[in-house]
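Undergrad: First the structure, then my questions, so here it is.
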Amino acid sequence: MDWYSIVKFLHIVCALIWVGGGFTLMLLAARAERAGNIESMLQAMRATGELGNRLFAPLSLATLAFGLVMCGFWAGFSELWIVIGLAGYFVTFSVGMLVFKPTADRMGRMIAKDGLTPAALAQGRRILSAARFDYSVMLVIIADMVLKPTLDDRFVLGGMALVMLGGAALALSNNARGTTPAHA
């Protein structure tokens, strides 16, 4: 076994827990919202907020660090797939720090102060909408890491662009709809 294999293994394990854990919580929240189970939706949102700083942010940084080590020592930084991966990481990390964290904190304060209100629910729905876009970006990053496209791979690059556009459209359409569950 060589160092590259160890670093690659650690990169994949960190990414797996980060992306898979967050996706599972988002899916639980979305299913609860669709079923009108506001308590379960908020419980999943609270768990996401609590785990965001303690687990997801450190794992995302470790994923980045191990990826940078692989690039620095073995792959370099000039390949298109590496640039796409780094750009995608920047987008998803920014969504986490600029949308998920402050919105979850705001929602938590609202619930602690006034209980479950329509304004607090709106914050939870904002997180779910942002998560729909965020996970489309993560899907693109995963495809990018596996497929390693070049400029000649127009079909793959076009598919990645469609996934990002679809995620953005889904997030925006859910925001515009402002879905109201039966128990709200």
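In the structure tokens, the first chain shown is A, the next is B, and so on; residue numbers restart at 1 for each chain, and ligands run from 1 in the order shown.
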Contacts of stretch 128-142 of chain A at 9 Å or less, counting only C-alpha atoms, minus same-chain residues fewer than 6 places along, as number ranges by chain?

TA: A: 19, 22-23, 26, 29-30, 45, 81, 84-89, 91-92, 95-96, 99-100, 159-161, 163-175

Undergrad: Within 12 Å of A:Trp3, counting only C-alpha atoms, which residues qualify if same-chain residues fewer than 6 places away don't, as a list in words?

TA: Phe9, Leu10, Phe66, Val69, Met70, Phe73 and Trp74 of chain A

Undergrad: Keeping only C-alpha atoms, take the residues you just selected and write them out as a PDB file, in the first residue's frame.

TA:
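The resulting file, result.pdb, is shown below:
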```pdb
ATOM      1  CA  PHE A   9      -9.228   6.315   1.128  1.00  0.00           C
ATOM      2  CA  LEU A  10      -9.437   9.038   3.799  1.00  0.00           C
ATOM      3  CA  PHE A  66      -7.077  15.156   1.533  1.00  0.00           C
ATOM      4  CA  VAL A  69      -2.832  16.623  -0.740  1.00  0.00           C
ATOM      5  CA  MET A  70      -3.585  14.220  -3.597  1.00  0.00           C
ATOM      6  CA  PHE A  73       1.689  15.439  -4.541  1.00  0.00           C
ATOM      7  CA  TRP A  74       0.265  13.356  -7.373  1.00  0.00           C
TER       8      TRP A  74
END
```

Undergrad: Using Å and a single decimal, report how far atom CA of A:Thr150 sits from atom CA of A:Lys8.

TA: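 Computing it gives 21.0 Å between the two atoms.
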
Undergrad: Could you give me, as a CSV table (one decimal) with N, CA and C atoms, in the first residue's frame, each residue of chain A that DSSP assigns to alpha helix (DSSP H) when run on this structure's backbone?

TA:
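Resulting contents of out-v3.csv:
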```
chain,number,residue,atom,x,y,z
A,3,TRP,N,1.1,5.8,0.0
A,3,TRP,CA,0.5,6.9,0.6
A,3,TRP,C,-0.7,7.5,-0.1
A,4,TYR,N,-0.6,7.4,-1.5
A,4,TYR,CA,-1.7,7.9,-2.3
A,4,TYR,C,-2.9,7.2,-2.0
A,5,SER,N,-2.8,5.8,-1.9
A,5,SER,CA,-4.0,5.0,-1.6
A,5,SER,C,-4.6,5.3,-0.2
A,6,ILE,N,-3.8,5.6,0.8
A,6,ILE,CA,-4.2,5.9,2.1
A,6,ILE,C,-5.0,7.3,2.1
A,7,VAL,N,-4.3,8.3,1.5
A,7,VAL,CA,-4.9,9.6,1.4
A,7,VAL,C,-6.2,9.6,0.6
A,8,LYS,N,-6.3,8.8,-0.5
A,8,LYS,CA,-7.5,8.7,-1.3
A,8,LYS,C,-8.6,8.0,-0.5
A,9,PHE,N,-8.3,7.0,0.3
A,9,PHE,CA,-9.2,6.3,1.1
A,9,PHE,C,-9.8,7.3,2.1
A,10,LEU,N,-9.0,8.1,2.8
A,10,LEU,CA,-9.4,9.0,3.8
A,10,LEU,C,-10.3,10.1,3.1
A,11,HIS,N,-9.9,10.6,2.0
A,11,HIS,CA,-10.7,11.5,1.2
A,11,HIS,C,-12.1,11.0,0.9
A,12,ILE,N,-12.2,9.8,0.5
A,12,ILE,CA,-13.5,9.2,0.1
A,12,ILE,C,-14.3,8.9,1.4
A,13,VAL,N,-13.7,8.4,2.5
A,13,VAL,CA,-14.5,8.2,3.7
A,13,VAL,C,-15.1,9.5,4.2
A,14,CYS,N,-14.3,10.6,4.3
A,14,CYS,CA,-14.8,11.9,4.8
A,14,CYS,C,-15.9,12.4,3.9
A,15,ALA,N,-15.7,12.3,2.6
A,15,ALA,CA,-16.8,12.7,1.6
A,15,ALA,C,-18.0,11.9,1.8
A,16,LEU,N,-17.9,10.6,2.0
A,16,LEU,CA,-19.0,9.7,2.1
A,16,LEU,C,-19.9,10.1,3.4
A,17,ILE,N,-19.2,10.3,4.5
A,17,ILE,CA,-19.9,10.6,5.7
A,17,ILE,C,-20.6,12.0,5.6
A,18,TRP,N,-19.8,13.0,5.1
A,18,TRP,CA,-20.3,14.3,4.9
A,18,TRP,C,-21.5,14.4,4.0
A,19,VAL,N,-21.3,13.9,2.8
A,19,VAL,CA,-22.4,14.0,1.8
A,19,VAL,C,-23.6,13.0,2.2
A,20,GLY,N,-23.3,11.8,2.5
A,20,GLY,CA,-24.3,10.8,2.9
A,20,GLY,C,-25.1,11.2,4.1
A,21,GLY,N,-24.4,11.7,5.1
A,21,GLY,CA,-25.1,12.1,6.3
A,21,GLY,C,-26.0,13.3,6.1
A,22,GLY,N,-25.5,14.3,5.4
A,22,GLY,CA,-26.3,15.4,5.1
A,22,GLY,C,-27.5,15.1,4.2
A,23,PHE,N,-27.3,14.3,3.2
A,23,PHE,CA,-28.3,13.9,2.3
A,23,PHE,C,-29.4,13.1,3.1
A,24,THR,N,-29.0,12.3,4.0
A,24,THR,CA,-30.0,11.5,4.7
A,24,THR,C,-30.9,12.4,5.6
A,25,LEU,N,-30.3,13.4,6.2
A,25,LEU,CA,-31.1,14.3,7.0
A,25,LEU,C,-32.0,15.2,6.2
A,26,MET,N,-31.5,15.6,5.0
A,26,MET,CA,-32.3,16.4,4.1
A,26,MET,C,-33.5,15.6,3.6
A,27,LEU,N,-33.3,14.3,3.3
A,27,LEU,CA,-34.3,13.5,2.8
A,27,LEU,C,-35.4,13.3,3.9
A,28,LEU,N,-34.9,13.0,5.1
A,28,LEU,CA,-35.9,12.9,6.3
A,28,LEU,C,-36.7,14.1,6.4
A,29,ALA,N,-36.1,15.3,6.4
A,29,ALA,CA,-36.8,16.6,6.5
A,29,ALA,C,-37.8,16.8,5.4
A,30,ALA,N,-37.4,16.5,4.2
A,30,ALA,CA,-38.3,16.6,3.0
A,30,ALA,C,-39.5,15.7,3.1
A,31,ARG,N,-39.2,14.4,3.5
A,31,ARG,CA,-40.3,13.5,3.6
A,31,ARG,C,-41.3,13.9,4.7
A,32,ALA,N,-40.7,14.4,5.8
A,32,ALA,CA,-41.6,14.8,6.9
A,32,ALA,C,-42.4,16.0,6.5
A,33,GLU,N,-41.8,17.0,5.7
A,33,GLU,CA,-42.5,18.1,5.3
A,33,GLU,C,-43.7,17.7,4.3
A,34,ARG,N,-43.4,16.8,3.4
A,34,ARG,CA,-44.4,16.4,2.5
A,34,ARG,C,-45.5,15.7,3.2
A,35,ALA,N,-45.2,14.9,4.2
A,35,ALA,CA,-46.3,14.3,5.0
A,35,ALA,C,-47.0,15.2,6.0
A,38,ILE,N,-44.6,18.4,10.8
A,38,ILE,CA,-43.7,19.5,11.1
A,38,ILE,C,-42.7,19.2,12.2
A,39,GLU,N,-43.1,18.5,13.2
A,39,GLU,CA,-42.2,18.2,14.3
A,39,GLU,C,-41.0,17.4,13.8
A,40,SER,N,-41.3,16.4,13.0
A,40,SER,CA,-40.2,15.6,12.4
A,40,SER,C,-39.3,16.4,11.5
A,41,MET,N,-39.9,17.3,10.7
A,41,MET,CA,-39.2,18.1,9.8
A,41,MET,C,-38.2,19.0,10.6
A,42,LEU,N,-38.7,19.6,11.7
A,42,LEU,CA,-37.9,20.5,12.5
A,42,LEU,C,-36.8,19.7,13.2
A,43,GLN,N,-37.2,18.5,13.6
A,43,GLN,CA,-36.2,17.6,14.3
A,43,GLN,C,-35.0,17.4,13.4
A,44,ALA,N,-35.3,17.0,12.1
A,44,ALA,CA,-34.2,16.8,11.2
A,44,ALA,C,-33.4,18.1,10.9
A,45,MET,N,-34.1,19.2,10.8
A,45,MET,CA,-33.5,20.5,10.6
A,45,MET,C,-32.6,20.8,11.8
A,46,ARG,N,-33.0,20.6,13.0
A,46,ARG,CA,-32.2,20.8,14.2
A,46,ARG,C,-31.0,19.9,14.2
A,47,ALA,N,-31.2,18.7,13.8
A,47,ALA,CA,-30.0,17.7,13.8
A,47,ALA,C,-29.0,18.2,12.7
A,48,THR,N,-29.5,18.7,11.6
A,48,THR,CA,-28.6,19.2,10.6
A,48,THR,C,-27.8,20.4,11.1
A,49,GLY,N,-28.5,21.3,11.8
A,49,GLY,CA,-27.9,22.5,12.4
A,49,GLY,C,-26.8,22.1,13.4
A,50,GLU,N,-27.2,21.1,14.3
A,50,GLU,CA,-26.3,20.7,15.3
A,50,GLU,C,-25.0,20.0,14.7
A,51,LEU,N,-25.3,19.1,13.7
A,51,LEU,CA,-24.2,18.4,13.1
A,51,LEU,C,-23.4,19.2,12.1
A,57,ALA,N,-19.1,20.3,8.7
A,57,ALA,CA,-18.1,21.3,8.3
A,57,ALA,C,-16.6,20.7,8.4
A,58,PRO,N,-16.3,20.1,9.6
A,58,PRO,CA,-15.0,19.5,9.7
A,58,PRO,C,-14.7,18.4,8.6
A,59,LEU,N,-15.8,17.5,8.4
A,59,LEU,CA,-15.6,16.5,7.3
A,59,LEU,C,-15.4,17.1,6.0
A,60,SER,N,-16.1,18.2,5.7
A,60,SER,CA,-16.0,18.8,4.4
A,60,SER,C,-14.6,19.4,4.2
A,61,LEU,N,-14.0,20.0,5.3
A,61,LEU,CA,-12.7,20.5,5.3
A,61,LEU,C,-11.6,19.4,5.2
A,62,ALA,N,-11.9,18.3,5.9
A,62,ALA,CA,-11.0,17.1,5.7
A,62,ALA,C,-11.0,16.6,4.3
A,63,THR,N,-12.2,16.5,3.7
A,63,THR,CA,-12.3,16.0,2.3
A,63,THR,C,-11.5,16.9,1.4
A,64,LEU,N,-11.6,18.2,1.6
A,64,LEU,CA,-10.9,19.2,0.8
A,64,LEU,C,-9.4,19.0,1.1
A,65,ALA,N,-9.0,18.9,2.3
A,65,ALA,CA,-7.5,18.8,2.6
A,65,ALA,C,-6.9,17.5,2.0
A,66,PHE,N,-7.6,16.4,2.1
A,66,PHE,CA,-7.1,15.2,1.5
A,66,PHE,C,-7.0,15.3,0.0
A,67,GLY,N,-8.1,15.9,-0.6
A,67,GLY,CA,-8.1,16.1,-2.0
A,67,GLY,C,-6.9,17.0,-2.5
A,68,LEU,N,-6.7,18.1,-1.7
A,68,LEU,CA,-5.5,19.0,-2.0
A,68,LEU,C,-4.2,18.3,-1.9
A,69,VAL,N,-4.1,17.4,-0.9
A,69,VAL,CA,-2.8,16.6,-0.7
A,69,VAL,C,-2.6,15.7,-2.0
A,70,MET,N,-3.7,15.1,-2.4
A,70,MET,CA,-3.6,14.2,-3.6
A,70,MET,C,-3.2,15.0,-4.8
A,80,LEU,N,-9.1,19.8,-15.8
A,80,LEU,CA,-10.5,20.4,-15.7
A,80,LEU,C,-11.3,19.8,-14.6
A,81,TRP,N,-11.2,18.5,-14.4
A,81,TRP,CA,-12.0,17.8,-13.4
A,81,TRP,C,-11.6,18.3,-12.0
A,82,ILE,N,-10.4,18.6,-11.8
A,82,ILE,CA,-10.0,19.1,-10.5
A,82,ILE,C,-10.5,20.5,-10.3
A,83,VAL,N,-10.4,21.4,-11.3
A,83,VAL,CA,-11.0,22.7,-11.2
A,83,VAL,C,-12.5,22.7,-11.0
A,84,ILE,N,-13.2,21.8,-11.7
A,84,ILE,CA,-14.6,21.7,-11.4
A,84,ILE,C,-14.9,21.2,-10.0
A,85,GLY,N,-14.1,20.3,-9.5
A,85,GLY,CA,-14.3,19.8,-8.2
A,85,GLY,C,-14.1,20.8,-7.1
A,86,LEU,N,-13.0,21.6,-7.3
A,86,LEU,CA,-12.7,22.7,-6.4
A,86,LEU,C,-13.8,23.8,-6.4
A,87,ALA,N,-14.2,24.1,-7.6
A,87,ALA,CA,-15.3,25.1,-7.7
A,87,ALA,C,-16.6,24.6,-7.1
A,88,GLY,N,-16.9,23.4,-7.3
A,88,GLY,CA,-18.1,22.8,-6.7
A,88,GLY,C,-18.0,22.8,-5.2
A,89,TYR,N,-16.8,22.4,-4.7
A,89,TYR,CA,-16.6,22.5,-3.2
A,89,TYR,C,-16.8,23.9,-2.7
A,90,PHE,N,-16.3,24.9,-3.4
A,90,PHE,CA,-16.4,26.3,-2.9
A,90,PHE,C,-17.9,26.6,-2.9
A,91,VAL,N,-18.7,26.2,-3.9
A,91,VAL,CA,-20.1,26.5,-3.9
A,91,VAL,C,-20.8,25.9,-2.7
A,92,THR,N,-20.6,24.6,-2.5
A,92,THR,CA,-21.3,23.9,-1.5
A,92,THR,C,-20.9,24.3,-0.1
A,93,PHE,N,-19.6,24.6,0.1
A,93,PHE,CA,-19.1,25.1,1.4
A,93,PHE,C,-19.7,26.5,1.7
A,94,SER,N,-19.8,27.3,0.6
A,94,SER,CA,-20.4,28.7,0.8
A,94,SER,C,-21.9,28.6,1.1
A,95,VAL,N,-22.6,27.7,0.5
A,95,VAL,CA,-24.0,27.5,0.8
A,95,VAL,C,-24.2,27.1,2.3
A,101,LYS,N,-26.0,27.5,7.9
A,101,LYS,CA,-25.7,27.8,9.3
A,101,LYS,C,-26.5,29.0,9.8
A,102,PRO,N,-26.5,30.2,9.1
A,102,PRO,CA,-27.2,31.3,9.7
A,102,PRO,C,-28.7,31.1,9.7
A,103,THR,N,-29.3,30.4,8.7
A,103,THR,CA,-30.7,30.1,8.7
A,103,THR,C,-31.1,29.2,9.8
A,104,ALA,N,-30.3,28.1,10.0
A,104,ALA,CA,-30.6,27.2,11.1
A,104,ALA,C,-30.5,27.9,12.5
A,105,ASP,N,-29.5,28.7,12.6
A,105,ASP,CA,-29.3,29.4,13.9
A,105,ASP,C,-30.5,30.4,14.1
A,106,ARG,N,-30.9,31.1,13.1
A,106,ARG,CA,-32.1,32.0,13.2
A,106,ARG,C,-33.4,31.2,13.5
A,107,MET,N,-33.5,30.0,12.9
A,107,MET,CA,-34.7,29.2,13.1
A,107,MET,C,-34.7,28.7,14.6
A,108,GLY,N,-33.5,28.3,15.0
A,108,GLY,CA,-33.4,27.8,16.4
A,108,GLY,C,-33.8,28.9,17.4
A,109,ARG,N,-33.3,30.1,17.2
A,109,ARG,CA,-33.6,31.3,18.1
A,109,ARG,C,-35.1,31.6,18.0
A,110,MET,N,-35.7,31.5,16.8
A,110,MET,CA,-37.2,31.8,16.7
A,110,MET,C,-38.0,30.8,17.5
A,111,ILE,N,-37.6,29.5,17.4
A,111,ILE,CA,-38.4,28.5,18.1
A,111,ILE,C,-38.2,28.6,19.6
A,112,ALA,N,-36.9,28.9,20.0
A,112,ALA,CA,-36.7,29.0,21.4
A,112,ALA,C,-37.5,30.2,22.0
A,113,LYS,N,-37.6,31.3,21.2
A,113,LYS,CA,-38.3,32.5,21.7
A,113,LYS,C,-39.8,32.4,21.7
A,114,ASP,N,-40.3,32.0,20.5
A,114,ASP,CA,-41.8,32.1,20.2
A,114,ASP,C,-42.4,30.7,20.0
A,118,PRO,N,-45.1,30.2,11.9
A,118,PRO,CA,-45.0,30.2,10.5
A,118,PRO,C,-43.6,30.8,10.0
A,119,ALA,N,-43.1,31.8,10.7
A,119,ALA,CA,-41.8,32.3,10.4
A,119,ALA,C,-40.7,31.3,10.6
A,120,ALA,N,-40.8,30.5,11.7
A,120,ALA,CA,-39.7,29.5,11.9
A,120,ALA,C,-39.8,28.4,10.9
A,121,LEU,N,-41.1,28.0,10.5
A,121,LEU,CA,-41.2,27.0,9.4
A,121,LEU,C,-40.7,27.5,8.1
A,122,ALA,N,-40.8,28.8,7.8
A,122,ALA,CA,-40.3,29.4,6.6
A,122,ALA,C,-38.8,29.2,6.6
A,123,GLN,N,-38.2,29.4,7.7
A,123,GLN,CA,-36.7,29.2,7.8
A,123,GLN,C,-36.3,27.8,7.5
A,124,GLY,N,-37.1,26.8,8.0
A,124,GLY,CA,-36.8,25.4,7.7
A,124,GLY,C,-37.0,25.1,6.3
A,125,ARG,N,-38.0,25.7,5.7
A,125,ARG,CA,-38.2,25.4,4.2
A,125,ARG,C,-37.1,26.1,3.4
A,126,ARG,N,-36.6,27.2,3.9
A,126,ARG,CA,-35.5,27.9,3.1
A,126,ARG,C,-34.3,26.9,3.1
A,127,ILE,N,-34.0,26.3,4.3
A,127,ILE,CA,-32.9,25.3,4.3
A,127,ILE,C,-33.1,24.2,3.4
A,128,LEU,N,-34.4,23.6,3.3
A,128,LEU,CA,-34.6,22.5,2.4
A,128,LEU,C,-34.5,23.0,1.0
A,129,SER,N,-34.9,24.1,0.6
A,129,SER,CA,-34.8,24.6,-0.7
A,129,SER,C,-33.3,24.8,-1.1
A,130,ALA,N,-32.5,25.3,-0.2
A,130,ALA,CA,-31.1,25.5,-0.5
A,130,ALA,C,-30.4,24.1,-0.6
A,131,ALA,N,-30.9,23.2,0.2
A,131,ALA,CA,-30.3,21.8,0.2
A,131,ALA,C,-30.6,21.1,-1.1
A,132,ARG,N,-31.7,21.4,-1.7
A,132,ARG,CA,-31.9,20.8,-3.1
A,132,ARG,C,-30.9,21.3,-4.1
A,133,PHE,N,-30.6,22.5,-4.0
A,133,PHE,CA,-29.5,23.0,-4.9
A,133,PHE,C,-28.1,22.5,-4.5
A,134,ASP,N,-27.9,22.5,-3.2
A,134,ASP,CA,-26.6,22.1,-2.7
A,134,ASP,C,-26.3,20.6,-3.1
A,135,TYR,N,-27.3,19.8,-3.0
A,135,TYR,CA,-27.1,18.4,-3.3
A,135,TYR,C,-27.0,18.1,-4.8
A,136,SER,N,-27.5,19.0,-5.6
A,136,SER,CA,-27.3,18.9,-7.1
A,136,SER,C,-25.8,19.2,-7.3
A,137,VAL,N,-25.3,20.2,-6.6
A,137,VAL,CA,-23.8,20.5,-6.8
A,137,VAL,C,-23.0,19.3,-6.3
A,138,MET,N,-23.4,18.7,-5.2
A,138,MET,CA,-22.6,17.6,-4.7
A,138,MET,C,-22.7,16.4,-5.7
A,139,LEU,N,-23.8,16.2,-6.3
A,139,LEU,CA,-23.9,15.2,-7.3
A,139,LEU,C,-23.0,15.4,-8.5
A,140,VAL,N,-22.9,16.7,-8.9
A,140,VAL,CA,-22.0,17.1,-9.9
A,140,VAL,C,-20.5,16.8,-9.5
A,141,ILE,N,-20.2,17.1,-8.3
A,141,ILE,CA,-18.8,16.9,-7.8
A,141,ILE,C,-18.5,15.4,-7.8
A,142,ILE,N,-19.5,14.6,-7.3
A,142,ILE,CA,-19.2,13.1,-7.3
A,142,ILE,C,-19.0,12.6,-8.7
A,143,ALA,N,-19.9,13.0,-9.7
A,143,ALA,CA,-19.8,12.6,-11.1
A,143,ALA,C,-18.4,13.1,-11.6
A,144,ASP,N,-18.1,14.3,-11.3
A,144,ASP,CA,-16.8,14.9,-11.7
A,144,ASP,C,-15.6,14.0,-11.2
A,145,MET,N,-15.6,13.7,-9.9
A,145,MET,CA,-14.5,12.9,-9.4
A,145,MET,C,-14.4,11.5,-10.0
A,146,VAL,N,-15.6,10.9,-10.4
A,146,VAL,CA,-15.6,9.6,-10.9
A,146,VAL,C,-15.2,9.6,-12.4
A,147,LEU,N,-15.9,10.5,-13.2
A,147,LEU,CA,-15.8,10.6,-14.6
A,147,LEU,C,-14.5,11.3,-15.1
A,154,ARG,N,-18.1,16.7,-23.9
A,154,ARG,CA,-19.2,17.7,-23.9
A,154,ARG,C,-20.5,17.1,-23.3
A,155,PHE,N,-20.7,15.9,-23.6
A,155,PHE,CA,-22.0,15.2,-23.1
A,155,PHE,C,-22.0,15.2,-21.6
A,156,VAL,N,-20.8,14.8,-21.0
A,156,VAL,CA,-20.7,14.8,-19.5
A,156,VAL,C,-20.8,16.2,-18.9
A,157,LEU,N,-20.1,17.1,-19.5
A,157,LEU,CA,-20.2,18.5,-19.0
A,157,LEU,C,-21.6,19.1,-19.2
A,158,GLY,N,-22.2,18.8,-20.3
A,158,GLY,CA,-23.6,19.3,-20.5
A,158,GLY,C,-24.5,18.6,-19.5
A,159,GLY,N,-24.4,17.3,-19.2
A,159,GLY,CA,-25.2,16.7,-18.2
A,159,GLY,C,-25.0,17.3,-16.8
A,160,MET,N,-23.7,17.6,-16.5
A,160,MET,CA,-23.4,18.3,-15.2
A,160,MET,C,-24.1,19.6,-15.1
A,161,ALA,N,-24.1,20.4,-16.2
A,161,ALA,CA,-24.7,21.7,-16.2
A,161,ALA,C,-26.2,21.5,-16.0
A,162,LEU,N,-26.8,20.5,-16.7
A,162,LEU,CA,-28.3,20.3,-16.5
A,162,LEU,C,-28.6,19.9,-15.1
A,163,VAL,N,-27.8,19.1,-14.5
A,163,VAL,CA,-28.1,18.7,-13.1
A,163,VAL,C,-28.0,20.0,-12.2
A,164,MET,N,-27.1,20.9,-12.4
A,164,MET,CA,-27.0,22.1,-11.6
A,164,MET,C,-28.2,23.0,-11.9
A,165,LEU,N,-28.6,23.1,-13.1
A,165,LEU,CA,-29.7,24.0,-13.5
A,165,LEU,C,-31.0,23.4,-12.9
A,166,GLY,N,-31.1,22.0,-13.0
A,166,GLY,CA,-32.3,21.4,-12.4
A,166,GLY,C,-32.4,21.6,-10.9
A,167,GLY,N,-31.2,21.5,-10.2
A,167,GLY,CA,-31.2,21.7,-8.7
A,167,GLY,C,-31.6,23.1,-8.4
A,168,ALA,N,-31.1,24.1,-9.2
A,168,ALA,CA,-31.4,25.5,-9.0
A,168,ALA,C,-32.9,25.7,-9.2
A,169,ALA,N,-33.4,25.1,-10.3
A,169,ALA,CA,-34.9,25.3,-10.6
A,169,ALA,C,-35.7,24.7,-9.5
A,170,LEU,N,-35.4,23.5,-9.0
A,170,LEU,CA,-36.1,22.8,-8.0
A,170,LEU,C,-36.1,23.7,-6.7
A,171,ALA,N,-34.9,24.2,-6.4
A,171,ALA,CA,-34.8,25.0,-5.1
A,171,ALA,C,-35.7,26.3,-5.3
A,172,LEU,N,-35.6,26.9,-6.4
A,172,LEU,CA,-36.4,28.2,-6.6
A,172,LEU,C,-37.9,27.9,-6.7
A,173,SER,N,-38.3,26.8,-7.4
A,173,SER,CA,-39.7,26.5,-7.5
A,173,SER,C,-40.3,26.2,-6.1
A,174,ASN,N,-39.5,25.5,-5.2
A,174,ASN,CA,-40.0,25.2,-3.9
A,174,ASN,C,-40.1,26.5,-3.1
A,175,ASN,N,-39.2,27.4,-3.3
A,175,ASN,CA,-39.2,28.7,-2.6
A,175,ASN,C,-40.4,29.5,-3.0
A,176,ALA,N,-40.7,29.5,-4.3
A,176,ALA,CA,-41.8,30.3,-4.8
A,176,ALA,C,-43.1,29.7,-4.4
A,177,ARG,N,-43.2,28.4,-4.3
A,177,ARG,CA,-44.5,27.7,-3.9
A,177,ARG,C,-44.8,28.0,-2.5
```

Undergrad: Report the distance between atom CA of A:Gly72 and atom CA of A:Met1 in Å, rounded to one decimal place.

TA: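 These two atoms are separated by 19.2 Å.
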